[in-house]
>>> print(open('entry10.pdb').read())   # PDB, C-alpha atoms and all ligand atoms
ATOM      1  CA  MET L   1      47.045  37.749  94.129
ATOM      2  CA  PRO L   2      50.182  39.723  95.064
ATOM      3  CA  LYS L   3      52.402  38.351  97.788
ATOM      4  CA  THR L   4      51.850  40.104 101.106
ATOM      5  CA  VAL L   5      54.278  41.653 103.563
ATOM      6  CA  LEU L   6      53.099  42.324 107.114
ATOM      7  CA  LEU L   7      54.679  45.395 108.732
ATOM      8  CA  LEU L   8      54.603  45.140 112.526
ATOM      9  CA  ASN L   9      55.528  47.942 114.892
ATOM     10  CA  GLY L  10      55.776  47.428 118.616
ATOM     11  CA  PRO L  11      55.316  49.567 121.725
ATOM     12  CA  ASN L  12      55.465  53.342 121.593
ATOM     13  CA  LEU L  13      56.117  53.470 117.851
ATOM     14  CA  ASN L  14      52.654  55.033 117.483
ATOM     15  CA  LEU L  15      54.398  58.136 118.893
ATOM     16  CA  LEU L  16      56.782  58.446 115.935
ATOM     17  CA  GLY L  17      57.061  62.032 114.755
ATOM     18  CA  LEU L  18      55.339  63.312 117.890
ATOM     19  CA  ARG L  19      58.129  62.946 120.503
ATOM     20  CA  GLN L  20      61.958  62.544 120.573
ATOM     21  CA  PRO L  21      62.571  63.543 116.911
ATOM     22  CA  GLU L  22      66.318  63.702 117.694
ATOM     23  CA  ILE L  23      66.324  59.909 118.094
ATOM     24  CA  TYR L  24      63.388  58.692 116.001
ATOM     25  CA  GLY L  25      62.989  61.404 113.329
ATOM     26  CA  LYS L  26      60.076  63.594 112.298
ATOM     27  CA  GLN L  27      58.066  61.147 110.238
ATOM     28  CA  THR L  28      54.938  59.609 111.681
ATOM     29  CA  LEU L  29      54.005  55.937 111.718
ATOM     30  CA  GLN L  30      51.433  56.692 109.024
ATOM     31  CA  ASP L  31      54.134  58.359 106.855
ATOM     32  CA  LEU L  32      56.390  55.321 107.057
ATOM     33  CA  GLU L  33      53.527  52.888 106.404
ATOM     34  CA  LYS L  34      52.636  54.888 103.268
ATOM     35  CA  ALA L  35      56.286  54.857 102.119
ATOM     36  CA  CYS L  36      56.462  51.077 102.617
ATOM     37  CA  ALA L  37      53.184  50.507 100.755
ATOM     38  CA  ALA L  38      54.493  52.558  97.803
ATOM     39  CA  ALA L  39      57.891  50.805  97.760
ATOM     40  CA  LEU L  40      56.331  47.338  97.896
ATOM     41  CA  LYS L  41      53.707  48.192  95.261
ATOM     42  CA  GLU L  42      56.565  49.041  92.844
ATOM     43  CA  GLY L  43      57.819  45.499  93.391
ATOM     44  CA  GLY L  44      54.376  43.945  92.950
ATOM     45  CA  LEU L  45      53.856  43.223  96.665
ATOM     46  CA  ALA L  46      50.979  44.159  98.972
ATOM     47  CA  LEU L  47      51.322  45.560 102.505
ATOM     48  CA  GLU L  48      49.394  44.934 105.703
ATOM     49  CA  THR L  49      50.223  46.968 108.783
ATOM     50  CA  PHE L  50      49.740  46.553 112.519
ATOM     51  CA  GLN L  51      51.020  48.482 115.517
ATOM     52  CA  SER L  52      50.418  47.566 119.114
ATOM     53  CA  ASN L  53      51.704  48.460 122.537
ATOM     54  CA  SER L  54      50.687  45.014 123.742
ATOM     55  CA  GLU L  55      52.989  41.986 123.519
ATOM     56  CA  SER L  56      50.035  39.579 123.319
ATOM     57  CA  GLU L  57      48.407  41.495 120.447
ATOM     58  CA  LEU L  58      51.658  41.392 118.487
ATOM     59  CA  ILE L  59      51.936  37.649 119.091
ATOM     60  CA  GLU L  60      48.308  37.088 118.002
ATOM     61  CA  ARG L  61      48.946  39.113 114.816
ATOM     62  CA  ILE L  62      52.012  36.978 114.012
ATOM     63  CA  HIS L  63      49.903  33.822 114.509
ATOM     64  CA  LYS L  64      47.293  35.251 112.131
ATOM     65  CA  ALA L  65      50.042  35.837 109.547
ATOM     66  CA  ARG L  66      50.827  32.104 109.444
ATOM     67  CA  GLY L  67      49.649  30.969 105.992
ATOM     68  CA  ASN L  68      48.284  34.469 105.236
ATOM     69  CA  ALA L  69      51.383  36.628 104.807
ATOM     70  CA  ASP L  70      54.573  35.818 102.909
ATOM     71  CA  ALA L  71      56.948  37.910 104.979
ATOM     72  CA  ILE L  72      57.172  40.084 108.071
ATOM     73  CA  ILE L  73      59.038  43.334 108.622
ATOM     74  CA  ILE L  74      59.102  44.014 112.345
ATOM     75  CA  ASN L  75      60.308  46.727 114.655
ATOM     76  CA  PRO L  76      59.600  45.042 117.992
ATOM     77  CA  GLY L  77      60.577  48.196 119.922
ATOM     78  CA  ALA L  78      61.606  47.458 123.497
ATOM     79  CA  TYR L  79      60.174  43.916 123.248
ATOM     80  CA  SER L  80      63.258  43.128 121.100
ATOM     81  CA  HIS L  81      65.291  43.126 124.268
ATOM     82  CA  THR L  82      62.882  41.250 126.521
ATOM     83  CA  SER L  83      60.501  38.985 124.645
ATOM     84  CA  ILE L  84      61.250  35.301 124.153
ATOM     85  CA  ALA L  85      57.507  34.960 123.493
ATOM     86  CA  LEU L  86      57.768  37.179 120.406
ATOM     87  CA  LEU L  87      60.780  35.141 119.240
ATOM     88  CA  ASP L  88      58.774  31.918 119.684
ATOM     89  CA  ALA L  89      55.869  33.358 117.669
ATOM     90  CA  LEU L  90      58.210  34.379 114.839
ATOM     91  CA  ASN L  91      59.820  30.939 114.921
ATOM     92  CA  ALA L  92      56.366  29.511 114.169
ATOM     93  CA  PHE L  93      56.085  31.734 111.061
ATOM     94  CA  ASP L  94      57.513  30.215 107.881
ATOM     95  CA  GLY L  95      58.199  33.292 105.705
ATOM     96  CA  ALA L  96      61.075  35.762 105.573
ATOM     97  CA  VAL L  97      61.541  38.087 108.548
ATOM     98  CA  VAL L  98      63.420  41.388 108.629
ATOM     99  CA  GLU L  99      63.998  43.227 111.916
ATOM    100  CA  VAL L 100      64.275  47.020 111.767
ATOM    101  CA  HIS L 101      65.458  49.480 114.394
ATOM    102  CA  ILE L 102      65.314  53.174 113.646
ATOM    103  CA  SER L 103      68.155  54.033 116.037
ATOM    104  CA  GLN L 104      71.647  52.547 116.149
ATOM    105  CA  ILE L 105      70.944  50.336 119.138
ATOM    106  CA  PHE L 106      74.634  49.410 119.615
ATOM    107  CA  LYS L 107      75.501  53.083 120.264
ATOM    108  CA  ARG L 108      72.862  53.258 122.990
ATOM    109  CA  GLU L 109      72.488  51.696 126.454
ATOM    110  CA  ALA L 110      73.906  48.173 126.895
ATOM    111  CA  PHE L 111      70.404  46.731 127.515
ATOM    112  CA  ARG L 112      69.508  47.577 123.885
ATOM    113  CA  HIS L 113      72.482  45.668 122.440
ATOM    114  CA  HIS L 114      70.785  42.277 122.534
ATOM    115  CA  SER L 115      67.629  41.435 120.586
ATOM    116  CA  TYR L 116      65.892  38.060 120.994
ATOM    117  CA  VAL L 117      64.160  38.663 117.653
ATOM    118  CA  SER L 118      67.526  38.786 115.832
ATOM    119  CA  GLY L 119      67.805  35.049 116.558
ATOM    120  CA  ARG L 120      64.996  34.533 114.013
ATOM    121  CA  ALA L 121      65.437  37.472 111.612
ATOM    122  CA  ASP L 122      66.858  36.774 108.148
ATOM    123  CA  ALA L 123      68.214  40.332 108.063
ATOM    124  CA  VAL L 124      68.542  43.148 110.597
ATOM    125  CA  LEU L 125      68.729  46.887 109.906
ATOM    126  CA  CYS L 126      69.516  49.458 112.566
ATOM    127  CA  GLY L 127      70.613  53.068 112.629
ATOM    128  CA  PHE L 128      69.284  54.044 109.202
ATOM    129  CA  GLY L 129      66.388  56.009 110.672
ATOM    130  CA  ILE L 130      63.015  55.637 109.007
ATOM    131  CA  ALA L 131      64.834  54.764 105.745
ATOM    132  CA  GLY L 132      65.537  51.356 107.300
ATOM    133  CA  TYR L 133      61.905  50.397 106.701
ATOM    134  CA  THR L 134      62.014  51.120 102.955
ATOM    135  CA  MET L 135      65.406  49.388 102.752
ATOM    136  CA  ALA L 136      63.756  46.346 104.334
ATOM    137  CA  CYS L 137      60.976  46.570 101.708
ATOM    138  CA  GLU L 138      63.540  46.647  98.883
ATOM    139  CA  TRP L 139      65.272  43.575 100.321
ATOM    140  CA  MET L 140      61.913  41.826 100.649
ATOM    141  CA  ILE L 141      61.044  42.506  96.992
ATOM    142  CA  GLY L 142      64.231  40.742  95.870
ATOM    143  CA  LYS L 143      63.701  37.908  98.326
ATOM    144  CA  LEU L 144      60.058  37.217  97.399
ATOM    145  CA  GLN L 145      60.618  37.663  93.655
ATOM    146  CA  SER L 146      63.489  35.161  93.674
ATOM    147  CA  ALA L 147      61.239  32.690  95.556
ATOM    148  CA  LYS L 148      58.635  32.684  92.709
TER     149      LYS L 148
HETATM  150  O1  LIG V 201      65.432  52.093 117.389
HETATM  151  C1  LIG V 201      64.368  51.482 117.403
HETATM  152  O2  LIG V 201      63.618  51.397 116.433
HETATM  153  C2  LIG V 201      63.891  50.833 118.702
HETATM  154  O3  LIG V 201      63.282  49.589 118.372
HETATM  155  C3  LIG V 201      62.875  51.784 119.302
HETATM  156  C4  LIG V 201      62.385  51.354 120.676
HETATM  157  C5  LIG V 201      63.555  51.048 121.608
HETATM  158  O4  LIG V 201      63.081  50.545 122.840
HETATM  159  C6  LIG V 201      64.522  50.050 120.992
HETATM  160  O5  LIG V 201      65.598  49.859 121.880
HETATM  161  C7  LIG V 201      65.041  50.556 119.658
HETATM  162  C8  LIG V 201      61.548  52.459 121.326
HETATM  163  C9  LIG V 201      60.431  52.959 120.473
HETATM  164  C10 LIG V 201      59.936  54.242 121.057
HETATM  165  O6  LIG V 201      59.375  54.999 120.027
HETATM  166  C11 LIG V 201      59.127  56.310 120.260
HETATM  167  C12 LIG V 201      58.903  57.094 119.153
HETATM  168  C13 LIG V 201      58.676  58.435 119.313
HETATM  169  C14 LIG V 201      58.646  58.982 120.583
HETATM  170  C15 LIG V 201      58.860  58.199 121.689
HETATM  171  C16 LIG V 201      59.100  56.840 121.525
END
>>> encode(input="entry10.pdb", output="structure tokens")
Amino acid sequence: MPKTVLLLNGPNLNLLGLRQPEIYGKQTLQDLEKACAAALKEGGLALETFQSNSESELIERIHKARGNADAIIINPGAYSHTSIALLDALNAFDGAVVEVHISQIFKREAFRHHSYVSGRADAVLCGFGIAGYTMACEWMIGKLQSAK
């Protein structure tokens, strides 16, 4: 059985490629999920994906990942800046966690400069656009292979 990475995307990221391409690029959520699946497959890892606009659904999905997924790549969207509940859920997950932001959040409004999730993440990528997700996959391959 290959090790499994869960890719979680938070609120409004279902609109990727459909609105605000100047900030979030032209690729859709489906495009980036496909790119992650391909990158992880090269490294012998499997991908599960989940997107929700609901904080509680994201938390439930993280709970479900306990004992079922080896790692989580998460773009919590705006919940990064507000959700202690999401942080608590990730703190109850034992595997590696990488936080991804498409935009360079530190160049944007001050309210985006702090992420609760970063307090749990093993690595954080921001400002690399959609490429940040495949970079997170590459990092995860090294991390999970070295944990064999
Ligand atoms: O840069 C990121 O990835 C963010 O997590 C995106 C969030 C934002 O609240 C964070 O501060 C930074 C917003 C996601 C909105 O996604 C959209 C995508 C296309 C069109 C409209 C919104």
>>> resolve_selection(input="entry10.pdb", expression="the PyMOL selection byres (((not hetatm)) within 6 of (chain V and resi 201))", output="PDB file with C-alpha atoms, keeping the file's coordinate frame")
ATOM      1  CA  ASN L  12      55.465  53.342 121.593  1.00  0.00           C
ATOM      2  CA  LEU L  13      56.117  53.470 117.851  1.00  0.00           C
ATOM      3  CA  LEU L  15      54.398  58.136 118.893  1.00  0.00           C
ATOM      4  CA  LEU L  16      56.782  58.446 115.935  1.00  0.00           C
ATOM      5  CA  ARG L  19      58.129  62.946 120.503  1.00  0.00           C
ATOM      6  CA  GLN L  20      61.958  62.544 120.573  1.00  0.00           C
ATOM      7  CA  TYR L  24      63.388  58.692 116.001  1.00  0.00           C
ATOM      8  CA  ASN L  75      60.308  46.727 114.655  1.00  0.00           C
ATOM      9  CA  PRO L  76      59.600  45.042 117.992  1.00  0.00           C
ATOM     10  CA  GLY L  77      60.577  48.196 119.922  1.00  0.00           C
ATOM     11  CA  ALA L  78      61.606  47.458 123.497  1.00  0.00           C
ATOM     12  CA  HIS L 101      65.458  49.480 114.394  1.00  0.00           C
ATOM     13  CA  ILE L 102      65.314  53.174 113.646  1.00  0.00           C
ATOM     14  CA  SER L 103      68.155  54.033 116.037  1.00  0.00           C
ATOM     15  CA  ILE L 105      70.944  50.336 119.138  1.00  0.00           C
ATOM     16  CA  ARG L 112      69.508  47.577 123.885  1.00  0.00           C
TER      17      ARG L 112
END
>>> residues_near_point(input="entry10.pdb", point="(48.4, 46.1, 110.2)", cutoff="12 Å", atoms="all atoms listed in the file", output="count of residues only")
30
>>> atom_distance(input="entry10.pdb", atom1="atom CA of Val100 of chain L", atom2="atom CA of Pro11 of chain L")
13.6 Å
>>> atom_distance(input="entry10.pdb", atom1="atom CA of Gly67 of chain L", atom2="atom CA of Gly44 of chain L")
19.0 Å
>>> resolve_selection(input="entry10.pdb", expression="the PyMOL selection byres (((chain L and resi 79) around 10) and not hetatm)", output="ChimeraX atom specification")
/L:10-11,53-55,75-78,80-87,115-117
